[in-house]
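Enquirer: File name protein_28.cif; file contents mmCIF, C-alpha atoms; full text below.
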data_start
loop_
_atom_site.label_atom_id
_atom_site.label_comp_id
_atom_site.auth_asym_id
_atom_site.auth_seq_id
_atom_site.Cartn_x
_atom_site.Cartn_y
_atom_site.Cartn_z
CA MET A 1 75.45 24.43 126.37
CA GLU A 2 71.85 25.46 125.76
CA ASP A 3 69.02 24.02 127.87
CA SER A 4 65.30 23.59 127.37
CA VAL A 5 62.77 23.67 130.18
CA THR A 6 59.20 22.36 130.09
CA ILE A 7 56.60 23.47 132.65
CA VAL A 8 53.30 21.58 132.91
CA LEU A 9 50.29 23.66 134.00
CA ASP A 10 47.19 22.11 135.57
CA GLY A 11 43.78 23.55 134.73
CA ARG A 12 42.55 25.94 132.04
CA ASP A 13 42.15 28.89 134.46
CA LEU A 14 45.72 28.45 135.69
CA ILE A 15 47.05 28.33 132.14
CA SER A 16 45.14 31.50 131.20
CA ALA A 17 46.35 33.41 134.26
CA VAL A 18 50.00 32.41 133.92
CA CYS A 19 50.23 32.95 130.17
CA GLY A 20 48.25 36.21 130.18
CA SER A 21 46.02 37.64 127.49
CA ASN A 22 47.29 36.50 124.07
CA ASP A 23 50.30 34.97 125.86
CA SER A 24 51.47 38.48 126.81
CA ASN A 25 53.21 37.25 129.97
CA LEU A 26 55.11 34.60 128.05
CA LYS A 27 56.20 37.14 125.43
CA VAL A 28 57.73 39.24 128.23
CA LEU A 29 59.61 36.19 129.49
CA GLU A 30 60.84 35.36 126.02
CA HIS A 31 62.12 38.91 125.48
CA THR A 32 63.70 39.17 128.95
CA LEU A 33 65.40 35.77 129.13
CA GLY A 34 66.35 35.54 125.47
CA GLY A 35 65.02 32.06 124.76
CA LYS A 36 62.27 30.82 122.45
CA LEU A 37 58.90 29.88 123.91
CA ALA A 38 56.36 27.38 122.65
CA VAL A 39 52.96 26.54 124.18
CA ARG A 40 51.33 23.21 123.43
CA GLY A 41 48.19 22.31 125.35
CA ASN A 42 49.06 22.66 129.02
CA GLU A 43 52.83 22.67 128.47
CA VAL A 44 55.08 25.74 128.28
CA ARG A 45 58.49 25.01 126.80
CA MET A 46 61.43 27.43 126.72
CA GLU A 47 64.40 26.58 124.51
CA GLY A 48 67.78 28.14 123.86
CA LEU A 49 68.62 29.09 127.46
CA ASN A 50 71.92 28.81 129.24
CA GLU A 51 72.04 27.24 132.70
CA THR A 52 71.38 30.54 134.49
CA GLY A 53 68.52 31.43 132.17
CA ALA A 54 66.92 28.04 132.65
CA GLU A 55 67.05 28.44 136.42
CA ARG A 56 65.54 31.92 136.20
CA PHE A 57 62.76 30.64 133.94
CA ARG A 58 61.87 27.89 136.42
CA SER A 59 61.91 30.37 139.28
CA VAL A 60 59.70 32.91 137.51
CA MET A 61 57.21 30.26 136.39
CA ASP A 62 57.00 28.80 139.91
CA ASN A 63 56.17 32.24 141.26
CA LEU A 64 53.63 32.96 138.52
CA ILE A 65 51.90 29.67 139.25
CA SER A 66 51.84 30.46 142.98
CA VAL A 67 50.30 33.88 142.33
CA ALA A 68 47.73 32.45 139.92
CA ARG A 69 46.69 29.80 142.45
CA LEU A 70 45.90 32.60 144.90
CA GLY A 71 43.32 33.85 142.42
CA GLU A 72 45.38 36.74 141.05
CA SER A 73 46.12 37.45 137.40
CA PRO A 74 49.78 38.37 136.91
CA SER A 75 50.25 41.31 134.55
CA PRO A 76 53.07 41.72 132.01
CA ASP A 77 54.51 44.48 134.22
CA PHE A 78 54.63 42.08 137.16
CA VAL A 79 56.33 39.43 135.01
CA ARG A 80 58.81 42.00 133.70
CA ALA A 81 59.65 43.04 137.25
CA LEU A 82 59.94 39.45 138.41
CA ALA A 83 62.15 38.32 135.54
CA GLY A 84 64.18 41.44 134.92
CA ASP A 85 67.12 41.42 137.29
CA PHE A 86 66.84 38.64 139.83
CA GLU A 87 69.23 35.72 140.15
CA GLY A 88 69.26 33.56 143.27
CA GLU A 89 68.19 30.41 145.06
CA SER A 90 64.57 29.28 145.10
CA GLY A 91 63.95 30.52 148.65
CA GLU A 92 65.31 33.93 147.73
CA ALA A 93 63.19 33.91 144.58
CA ILE A 94 60.04 33.45 146.64
CA ARG A 95 60.96 36.32 148.94
CA HIS A 96 61.83 38.44 145.90
CA ALA A 97 58.43 37.76 144.33
CA GLU A 98 56.61 38.59 147.56
CA ALA A 99 58.55 41.84 147.90
CA ILE A 100 57.65 42.83 144.33
CA ARG A 101 53.98 42.02 144.84
CA SER A 102 53.77 43.93 148.12
CA GLY A 103 55.61 46.86 146.52
CA CYS A 104 53.04 47.25 143.75
CA ILE A 105 51.92 50.89 143.31
CA ASN A 106 48.41 51.32 141.96
CA ILE A 107 47.81 54.74 140.40
CA PRO A 108 44.16 55.74 139.83
CA HIS A 109 43.62 56.89 136.22
CA GLY A 110 47.17 55.76 135.44
CA PHE A 111 48.49 53.67 132.58
CA GLY A 112 49.02 50.61 134.80
CA LYS A 113 50.42 49.30 138.03
CA VAL A 114 54.05 50.03 138.89
CA PHE A 115 56.21 47.28 140.35
CA PRO A 116 59.67 47.54 141.88
CA ARG A 117 62.03 45.39 139.84
CA THR A 118 64.73 44.61 142.40
CA GLY A 119 64.87 43.83 146.09
CA ASN A 120 66.46 47.21 146.83
CA GLN A 121 63.71 49.02 144.95
CA ALA A 122 61.07 47.05 146.88
CA ALA A 123 62.72 48.13 150.15
CA TYR A 124 62.68 51.73 148.88
CA VAL A 125 58.93 51.58 148.17
CA GLN A 126 58.32 50.06 151.59
CA GLY A 127 60.42 52.81 153.18
CA MET A 128 58.34 55.52 151.48
CA ARG A 129 55.17 53.93 152.83
CA GLU A 130 56.33 53.49 156.40
CA SER A 131 58.46 56.59 157.06
CA ASP A 132 57.70 60.30 157.06
CA ILE A 133 61.11 61.02 155.53
CA CYS A 134 62.84 58.71 153.07
CA PHE A 135 66.26 59.23 151.49
CA CYS A 136 67.13 57.32 148.33
CA VAL A 137 70.67 57.46 146.97
CA GLY A 138 71.84 55.72 143.81
CA PRO A 139 73.21 56.15 140.29
CA ALA A 140 71.27 57.15 137.19
CA GLY A 141 68.61 54.77 135.94
CA THR A 142 67.83 53.04 139.23
CA GLY A 143 64.25 54.35 139.48
CA LYS A 144 64.78 56.79 142.37
CA THR A 145 62.64 59.56 140.91
CA TYR A 146 60.25 57.31 138.98
CA LEU A 147 59.17 55.31 142.03
CA ALA A 148 58.88 58.46 144.16
CA ILE A 149 56.62 60.09 141.56
CA ALA A 150 54.55 56.90 141.22
CA ASN A 151 54.01 56.73 144.98
CA ALA A 152 53.15 60.44 145.14
CA LEU A 153 50.62 60.22 142.29
CA SER A 154 49.04 57.17 143.91
CA LEU A 155 48.50 59.08 147.15
CA ALA A 156 47.35 62.29 145.45
CA LEU A 157 44.89 60.69 143.03
CA SER A 158 43.42 58.50 145.78
CA LYS A 159 43.00 61.70 147.85
CA LYS A 160 45.22 60.52 150.71
CA ILE A 161 47.20 63.76 150.49
CA ARG A 162 46.11 67.26 149.49
CA LYS A 163 49.18 68.37 147.60
CA LEU A 164 52.20 67.09 145.68
CA VAL A 165 55.17 69.46 145.91
CA LEU A 166 58.10 69.04 143.51
CA THR A 167 61.35 70.82 144.17
CA ARG A 168 65.06 70.68 143.43
CA PRO A 169 68.08 72.96 143.73
CA VAL A 170 68.70 75.09 140.66
CA VAL A 171 72.28 74.11 139.88
CA GLU A 172 73.54 73.81 136.32
CA ALA A 173 75.47 70.64 135.43
CA GLY A 174 78.79 72.01 134.21
CA GLU A 175 77.43 74.66 131.85
CA SER A 176 75.70 78.02 132.08
CA LEU A 177 72.24 78.33 130.55
CA GLY A 178 72.30 82.11 130.81
CA PHE A 179 69.15 84.19 131.18
CA LEU A 180 65.91 82.21 130.97
CA PRO A 181 62.80 84.14 129.86
CA GLY A 182 59.32 83.78 131.32
CA ASP A 183 57.70 83.68 134.75
CA LEU A 184 58.99 81.63 137.71
CA ALA A 185 57.31 78.40 136.59
CA GLN A 186 58.76 78.74 133.09
CA LYS A 187 62.23 79.46 134.44
CA ILE A 188 62.27 76.45 136.78
CA ASN A 189 60.55 74.07 134.33
CA PRO A 190 63.76 72.95 132.51
CA TYR A 191 65.27 71.88 135.83
CA LEU A 192 62.15 69.91 136.81
CA ARG A 193 61.70 68.28 133.41
CA PRO A 194 62.78 64.81 134.70
CA LEU A 195 59.93 64.90 137.23
CA TYR A 196 57.43 65.77 134.51
CA ASP A 197 58.83 63.02 132.29
CA ALA A 198 58.14 60.52 135.07
CA MET A 199 54.60 61.81 135.59
CA GLU A 200 53.80 61.71 131.88
CA ALA A 201 55.00 58.11 131.73
CA LEU A 202 52.58 57.17 134.50
CA VAL A 203 49.36 59.11 133.86
CA PRO A 204 47.78 60.91 130.87
CA TYR A 205 48.85 64.51 130.36
CA GLU A 206 45.25 65.67 130.89
CA VAL A 207 45.38 64.31 134.45
CA ILE A 208 48.58 66.25 135.15
CA ARG A 209 47.03 69.42 133.72
CA ARG A 210 43.93 69.07 135.92
CA MET A 211 46.12 68.52 138.99
CA GLU A 212 48.11 71.65 138.16
CA ASP A 213 44.98 73.74 137.55
CA SER A 214 43.53 72.66 140.90
CA ARG A 215 46.90 73.32 142.59
CA ILE A 216 47.31 69.70 143.67
CA ILE A 217 50.70 69.75 141.94
CA GLU A 218 52.96 72.61 143.00
CA ILE A 219 56.34 73.50 141.56
CA ALA A 220 58.51 75.09 144.23
CA PRO A 221 62.15 76.09 143.68
CA LEU A 222 64.09 75.04 146.77
CA ALA A 223 65.21 78.60 147.49
CA TYR A 224 61.55 79.70 147.75
CA MET A 225 60.57 77.16 150.43
CA ARG A 226 62.06 78.97 153.40
CA GLY A 227 59.47 79.87 156.05
CA ARG A 228 56.78 77.53 154.71
CA SER A 229 54.96 74.80 156.63
CA LEU A 230 53.64 72.05 154.37
CA ASN A 231 50.69 70.06 155.74
CA GLU A 232 49.11 66.91 154.23
CA ALA A 233 51.57 67.03 151.36
CA PHE A 234 53.96 64.66 149.63
CA ILE A 235 57.18 66.54 148.90
CA ILE A 236 59.88 65.28 146.53
CA LEU A 237 63.33 66.86 146.61
CA ASP A 238 65.13 65.66 143.49
CA GLU A 239 68.86 66.02 142.71
CA ALA A 240 69.46 66.51 146.43
CA GLN A 241 73.21 65.97 146.04
CA ASN A 242 73.36 69.59 144.86
CA THR A 243 71.78 71.09 147.97
CA THR A 244 73.97 72.88 150.47
CA LYS A 245 73.92 71.87 154.13
CA GLU A 246 71.82 74.93 154.96
CA GLN A 247 69.32 74.17 152.18
CA MET A 248 68.92 70.57 153.30
CA LYS A 249 68.25 71.59 156.91
CA MET A 250 65.74 74.19 155.71
CA PHE A 251 63.95 71.65 153.52
CA LEU A 252 63.73 68.92 156.16
CA THR A 253 62.17 71.34 158.64
CA ARG A 254 59.32 72.33 156.27
CA LEU A 255 57.29 69.18 157.03
CA GLY A 256 53.98 69.85 158.76
CA GLN A 257 51.17 67.60 159.95
CA GLY A 258 50.40 64.61 157.73
CA SER A 259 53.24 65.31 155.31
CA ARG A 260 55.90 63.02 153.90
CA ALA A 261 59.11 63.78 152.07
CA VAL A 262 61.30 61.80 149.70
CA ILE A 263 64.82 63.00 149.01
CA THR A 264 66.58 61.50 146.00
CA GLY A 265 70.13 62.00 144.79
CA ASP A 266 73.21 60.59 143.10
CA ALA A 267 76.34 61.01 145.19
CA THR A 268 78.51 60.58 142.08
CA GLN A 269 77.05 63.62 140.29
CA ILE A 270 77.62 66.52 142.66
CA ASP A 271 77.79 69.84 140.76
CA LEU A 272 78.69 72.03 143.74
CA PRO A 273 82.15 73.65 143.79
CA LYS A 274 83.18 71.42 146.70
CA ARG A 275 81.90 67.87 147.23
CA ILE A 276 82.05 68.23 151.02
CA ASP A 277 79.47 71.03 150.83
CA SER A 278 76.73 68.60 149.68
CA GLY A 279 73.73 68.74 151.98
CA LEU A 280 72.80 65.20 150.96
CA LEU A 281 76.10 63.68 152.08
CA HIS A 282 75.97 65.70 155.29
CA ALA A 283 72.40 64.56 156.05
CA LEU A 284 73.25 60.90 155.40
CA SER A 285 76.02 61.21 157.95
CA ILE A 286 74.27 63.00 160.82
CA LEU A 287 70.72 61.60 160.48
CA LYS A 288 71.52 57.89 160.13
CA ASN A 289 70.43 57.11 163.70
CA VAL A 290 67.28 59.26 163.76
CA ASP A 291 64.08 57.24 164.18
CA GLY A 292 61.42 57.79 161.53
CA ILE A 293 63.85 58.36 158.68
CA HIS A 294 64.41 55.60 156.12
CA PHE A 295 67.55 55.30 153.98
CA SER A 296 67.58 53.36 150.72
CA TYR A 297 70.77 52.76 148.78
CA LEU A 298 70.56 51.61 145.16
CA ASN A 299 73.50 50.46 143.07
CA THR A 300 74.43 49.42 139.55
CA MET A 301 72.50 46.14 139.90
CA ASP A 302 69.31 48.18 140.39
CA VAL A 303 69.58 50.02 137.05
CA VAL A 304 66.37 49.35 135.12
CA ARG A 305 66.20 52.23 132.63
CA ASN A 306 68.42 50.55 130.04
CA THR A 307 70.85 47.64 130.35
CA LEU A 308 73.50 49.72 128.56
CA ILE A 309 73.47 52.19 131.47
CA LYS A 310 74.81 49.47 133.77
CA LYS A 311 77.81 49.00 131.52
CA ILE A 312 78.41 52.76 131.28
CA ILE A 313 78.32 53.22 135.06
CA GLN A 314 80.62 50.23 135.56
CA ALA A 315 83.09 51.60 133.00
CA TYR A 316 83.26 54.96 134.79
CA ASP A 317 83.65 53.23 138.16
CA GLU A 318 86.50 51.11 136.84
CA GLU A 319 88.20 54.17 135.34
CA LYS A 320 88.37 55.76 138.79
CA HIS A 321 90.45 52.85 140.06
CA ILE A 322 92.99 52.88 137.21
#
Could you take the file, read its structure, and then write that structure out as C-alpha cells?

Expert:
Amino acid sequence: MEDSVTIVLDGRDLISAVCGSNDSNLKVLEHTLGGKLAVRGNEVRMEGLNETGAERFRSVMDNLISVARLGESPSPDFVRALAGDFEGESGEAIRHAEAIRSGCINIPHGFGKVFPRTGNQAAYVQGMRESDICFCVGPAGTGKTYLAIANALSLALSKKIRKLVLTRPVVEAGESLGFLPGDLAQKINPYLRPLYDAMEALVPYEVIRRMEDSRIIEIAPLAYMRGRSLNEAFIILDEAQNTTKEQMKMFLTRLGQGSRAVITGDATQIDLPKRIDSGLLHALSILKNVDGIHFSYLNTMDVVRNTLIKKIIQAYDEEKHI
C-alpha cells in the first residue's frame, strides 16, 4: 500500500532553507526515496511511498527542519547523506543526523563539503580526527579511501599538515602487468590510480597539480619508505590487506612528530600467496588494545558507491556458504 506524507513548514526562511535553491534538496529526496514530491505554499507533500519510505521521509524532514532552525542551510550533499542509507527509530534518526553533521569535511578550494552517509562512516571520520593511527577495514564501495583522501586534502589545503603521503603495496591482482616503462612515479601511478580518482572527484585537477609541484603531495611506494621519519604529514596506506607483516610494522613505525596515518583495506581481497601472511590481519589482531589507535569496520550496509555493489557483495558472500 502506498502512502502520502504532508509536512507543513512555518516561515518563508525555513521553507527556503529546507527546500534548498530551486528545490534542490527536495529533488534529492525524491530521487533517493522514490516518491513524487509536490510543494504548495508552505506544504511539502510526498506521494507514492511505502510504509518504510514514508517513515524515512518524515525523519529526514524533521532533521532538515531542526538544522534550518539553528540557522544553517542544508546542502543537497547533506540531504543525500541523511536520506541515503538510514532506517531506524526517531531517536536514532536524530543521533544519525548529528553524527553526519559533525562528520562534515570541508575542503578549501574543493567542489563541496563531504558528508559521511552512514553511522559507521561517521565513526570512521571521527576516528581519523581523534587518533594518530586509524585502521579502516571494509568491502569495496564503502568510502574507505574516499573519506581518507577528503580528510587529508582538508588538512593539507588548510595548512594543518605540511605533506600528504600516498602509498600502497605493489601487488598485482591475479595477473601480471609485465615491465612498466617510465620513471618511478610513472611505474607506480597505475597502482595509485584509485587515490588520484578520489582526489580528482574532490578538488580541481589544477589544485592537485600545484600540490604535486610544491611537493605537498608525495607518491611513495611502500618498499621505499624504510628508514624514513615522516613529520607533520598525513599518510594513507591503501590496499593494506596486501602488505606483509614486516611491511606493516615498517610502515607504522615511520610516523614522526605531528603525523597521522590512515590504513585502509579489504580483508576479502587479499592477493598475497597466503592469507595468513597479510600484515593488515596481523595488525588488527595484535594492536587492538593499543591506546591511540582507532579501528573502523565497514560492511555491506555502508556501501555508497552504487546500490548494485551491495547486491554483488551479498551474492559473493552467500556463495561462500553454499

Enquirer: Which polymer residues have any atom within 10 Å of an atom of stretch 78-81 of chain A, counting all atoms listed in the file, with same-chain residues fewer than 2 positions away left out, as an MDAnalysis selection string?

Expert: chainID A and resid 18 20 24:29 31:32 60:61 63:64 73:76 83:86 97 100:101 104 113:118 304

Enquirer: Could the residues in this selection be saved with C-alpha atoms as a PDB file, in the coordinates of the input?

Expert:
ATOM      1  CA  VAL A  18      50.000  32.410 133.920  1.00  0.00           C
ATOM      2  CA  GLY A  20      48.250  36.210 130.180  1.00  0.00           C
ATOM      3  CA  SER A  24      51.470  38.480 126.810  1.00  0.00           C
ATOM      4  CA  ASN A  25      53.210  37.250 129.970  1.00  0.00           C
ATOM      5  CA  LEU A  26      55.110  34.600 128.050  1.00  0.00           C
ATOM      6  CA  LYS A  27      56.200  37.140 125.430  1.00  0.00           C
ATOM      7  CA  VAL A  28      57.730  39.240 128.230  1.00  0.00           C
ATOM      8  CA  LEU A  29      59.610  36.190 129.490  1.00  0.00           C
ATOM      9  CA  HIS A  31      62.120  38.910 125.480  1.00  0.00           C
ATOM     10  CA  THR A  32      63.700  39.170 128.950  1.00  0.00           C
ATOM     11  CA  VAL A  60      59.700  32.910 137.510  1.00  0.00           C
ATOM     12  CA  MET A  61      57.210  30.260 136.390  1.00  0.00           C
ATOM     13  CA  ASN A  63      56.170  32.240 141.260  1.00  0.00           C
ATOM     14  CA  LEU A  64      53.630  32.960 138.520  1.00  0.00           C
ATOM     15  CA  SER A  73      46.120  37.450 137.400  1.00  0.00           C
ATOM     16  CA  PRO A  74      49.780  38.370 136.910  1.00  0.00           C
ATOM     17  CA  SER A  75      50.250  41.310 134.550  1.00  0.00           C
ATOM     18  CA  PRO A  76      53.070  41.720 132.010  1.00  0.00           C
ATOM     19  CA  ALA A  83      62.150  38.320 135.540  1.00  0.00           C
ATOM     20  CA  GLY A  84      64.180  41.440 134.920  1.00  0.00           C
ATOM     21  CA  ASP A  85      67.120  41.420 137.290  1.00  0.00           C
ATOM     22  CA  PHE A  86      66.840  38.640 139.830  1.00  0.00           C
ATOM     23  CA  ALA A  97      58.430  37.760 144.330  1.00  0.00           C
ATOM     24  CA  ILE A 100      57.650  42.830 144.330  1.00  0.00           C
ATOM     25  CA  ARG A 101      53.980  42.020 144.840  1.00  0.00           C
ATOM     26  CA  CYS A 104      53.040  47.250 143.750  1.00  0.00           C
ATOM     27  CA  LYS A 113      50.420  49.300 138.030  1.00  0.00           C
ATOM     28  CA  VAL A 114      54.050  50.030 138.890  1.00  0.00           C
ATOM     29  CA  PHE A 115      56.210  47.280 140.350  1.00  0.00           C
ATOM     30  CA  PRO A 116      59.670  47.540 141.880  1.00  0.00           C
ATOM     31  CA  ARG A 117      62.030  45.390 139.840  1.00  0.00           C
ATOM     32  CA  THR A 118      64.730  44.610 142.400  1.00  0.00           C
ATOM     33  CA  VAL A 304      66.370  49.350 135.120  1.00  0.00           C
TER      34      VAL A 304
END

Enquirer: Tell me which protein, DNA and RNA residues are within 10 Å of A:Leu298, counting all atoms listed in the file, leaving out same-chain ones fewer than 3 positions away, and put them as a list in words.

Expert: Thr118, Gly119, Asn120, Gln121, Ala123, Tyr124, Cys136, Val137, Gly138, Pro139, Ala140, Gly141, Thr142, Gly143, Lys144, Asp266, Met301, Asp302 and Val303 of chain A

Enquirer: In Å, how far is it from atom CA of A:Leu230 to atom CA of A:Gly256?

Expert: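 Answer for the atom CA of A:Leu230 to atom CA of A:Gly256 separation: 4.9 Å.
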
Enquirer: Mind dumping a table of every stretch 27-115 of chain A residue within 9 Å of stretch 202-226 of chain A, with the nearest atom pair and its distance in Å to one decimal, using all atoms listed in the file, sorted by chain and rising number, as a Markdown table?

Expert:
| residue | atom | partner | partner_atom | distance |
| --- | --- | --- | --- | --- |
| A:Ile107 | CA | A:Leu202 | CA | 8.0 |
| A:Pro108 | CA | A:Val203 | CA | 8.6 |
| A:His109 | CA | A:Val203 | CA | 6.6 |
| A:Gly110 | CA | A:Val203 | CA | 4.3 |
| A:Phe111 | CA | A:Val203 | CA | 5.7 |
| A:Gly112 | CA | A:Leu202 | CA | 7.5 |
| A:Lys113 | CA | A:Leu202 | CA | 8.9 |
| A:Val114 | CA | A:Leu202 | CA | 8.5 |

Enquirer: Which residue out of A:Asn42, A:Ser158, A:Ser296, A:Ser229 has the minimum interatomic distance to A:Gly265 when all atoms listed in the file are used?

Expert: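 Closest candidate: A:Ser296.
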
Enquirer: So that I can see what lies close to A:Met128, please list as a PyMOL selection string the residues with an atom at most 8 Å from it, counting only C-alpha atoms and leaving out residues fewer than 4 positions away in the same chain.

Expert: chain A and resi 124+132-134+148+151+262+294

Enquirer: I'd like to see the residues matched by the PyMOL selection byres ((chain A and resi 40) around 12) on this file, and ideally I'd get them as a PyMOL selection string.

Expert: chain A and resi 6-9+15+19+37-39+41-46

Enquirer: Find, counting all atoms listed in the file, the residue in A:Leu155, A:Thr243, A:Ile236, A:Asp23 that gets nearest to A:Lys274.

Expert: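 Ranked by minimum distance to A:Lys274, first place goes to A:Thr243.
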
Enquirer: When the PyMOL selection byres ((chain A and resi 280) around 12) is applied to the file above, which residues end up in the set, as a ChimeraX atom specification?

Expert: /A:135-138,169,237-249,251-252,263-270,272,275-279,281-288,295

Enquirer: Just the number, please: distance in Å from atom CA of A:Ala152 to atom CA of A:Asn289, one decimal.

Expert: 25.6 Å

Enquirer: At what distance in Å, to one decimal, does atom CA of A:Arg56 lie from atom CA of A:Gly71?

Expert: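 Computed distance, atom CA of A:Gly71 to atom CA of A:Arg56, equals 23.2 Å.
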
Enquirer: Evaluate the PyMOL selection byres ((chain A and resi 53) around 10) against this structure - the residues, as a count of residues only, please.

Expert: 23

Enquirer: Between A:Ile65, A:Arg254, A:Arg260, A:Asp77, which is the closest to A:Asn106 once you count all atoms listed in the file?

Expert: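 Checking each of A:Ile65, A:Arg254, A:Arg260, A:Asp77 against A:Asn106, counting all atoms listed in the file, the winner is A:Asp77.
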
Enquirer: Place N, CA and C atoms on stretch 131-146 of chain A and deliver the coordinates as a PDB file, in the frame of the given file.

Expert:
ATOM      1  N   SER A 131      57.707  55.523 156.409  1.00  0.00           N
ATOM      2  CA  SER A 131      58.460  56.590 157.060  1.00  0.00           C
ATOM      3  C   SER A 131      58.012  57.962 156.556  1.00  0.00           C
ATOM      4  N   ASP A 132      58.052  58.936 157.447  1.00  0.00           N
ATOM      5  CA  ASP A 132      57.700  60.300 157.060  1.00  0.00           C
ATOM      6  C   ASP A 132      58.757  60.920 156.163  1.00  0.00           C
ATOM      7  N   ILE A 133      60.007  60.519 156.356  1.00  0.00           N
ATOM      8  CA  ILE A 133      61.110  61.020 155.530  1.00  0.00           C
ATOM      9  C   ILE A 133      61.883  59.830 154.999  1.00  0.00           C
ATOM     10  N   CYS A 134      62.112  59.813 153.692  1.00  0.00           N
ATOM     11  CA  CYS A 134      62.840  58.710 153.070  1.00  0.00           C
ATOM     12  C   CYS A 134      63.917  59.284 152.151  1.00  0.00           C
ATOM     13  N   PHE A 135      65.149  58.876 152.382  1.00  0.00           N
ATOM     14  CA  PHE A 135      66.260  59.230 151.490  1.00  0.00           C
ATOM     15  C   PHE A 135      66.500  58.051 150.548  1.00  0.00           C
ATOM     16  N   CYS A 136      66.749  58.361 149.285  1.00  0.00           N
ATOM     17  CA  CYS A 136      67.130  57.320 148.330  1.00  0.00           C
ATOM     18  C   CYS A 136      68.324  57.809 147.532  1.00  0.00           C
ATOM     19  N   VAL A 137      69.416  57.067 147.617  1.00  0.00           N
ATOM     20  CA  VAL A 137      70.670  57.460 146.970  1.00  0.00           C
ATOM     21  C   VAL A 137      71.079  56.346 146.002  1.00  0.00           C
ATOM     22  N   GLY A 138      71.410  56.715 144.784  1.00  0.00           N
ATOM     23  CA  GLY A 138      71.840  55.720 143.810  1.00  0.00           C
ATOM     24  C   GLY A 138      72.179  56.356 142.481  1.00  0.00           C
ATOM     25  N   PRO A 139      72.809  55.603 141.600  1.00  0.00           N
ATOM     26  CA  PRO A 139      73.210  56.150 140.290  1.00  0.00           C
ATOM     27  C   PRO A 139      72.034  56.332 139.350  1.00  0.00           C
ATOM     28  N   ALA A 140      72.312  56.899 138.202  1.00  0.00           N
ATOM     29  CA  ALA A 140      71.270  57.150 137.190  1.00  0.00           C
ATOM     30  C   ALA A 140      70.617  55.846 136.760  1.00  0.00           C
ATOM     31  N   GLY A 141      69.316  55.915 136.495  1.00  0.00           N
ATOM     32  CA  GLY A 141      68.610  54.770 135.940  1.00  0.00           C
ATOM     33  C   GLY A 141      68.119  53.750 136.932  1.00  0.00           C
ATOM     34  N   THR A 142      68.231  54.033 138.232  1.00  0.00           N
ATOM     35  CA  THR A 142      67.830  53.040 139.230  1.00  0.00           C
ATOM     36  C   THR A 142      66.388  53.228 139.706  1.00  0.00           C
ATOM     37  N   GLY A 143      65.666  54.185 139.152  1.00  0.00           N
ATOM     38  CA  GLY A 143      64.250  54.350 139.480  1.00  0.00           C
ATOM     39  C   GLY A 143      63.984  55.205 140.705  1.00  0.00           C
ATOM     40  N   LYS A 144      64.969  55.966 141.171  1.00  0.00           N
ATOM     41  CA  LYS A 144      64.780  56.790 142.370  1.00  0.00           C
ATOM     42  C   LYS A 144      63.604  57.746 142.197  1.00  0.00           C
ATOM     43  N   THR A 145      63.666  58.547 141.144  1.00  0.00           N
ATOM     44  CA  THR A 145      62.640  59.560 140.910  1.00  0.00           C
ATOM     45  C   THR A 145      61.339  58.928 140.430  1.00  0.00           C
ATOM     46  N   TYR A 146      61.426  57.954 139.562  1.00  0.00           N
ATOM     47  CA  TYR A 146      60.250  57.310 138.980  1.00  0.00           C
ATOM     48  C   TYR A 146      59.360  56.704 140.055  1.00  0.00           C
TER      49      TYR A 146
END
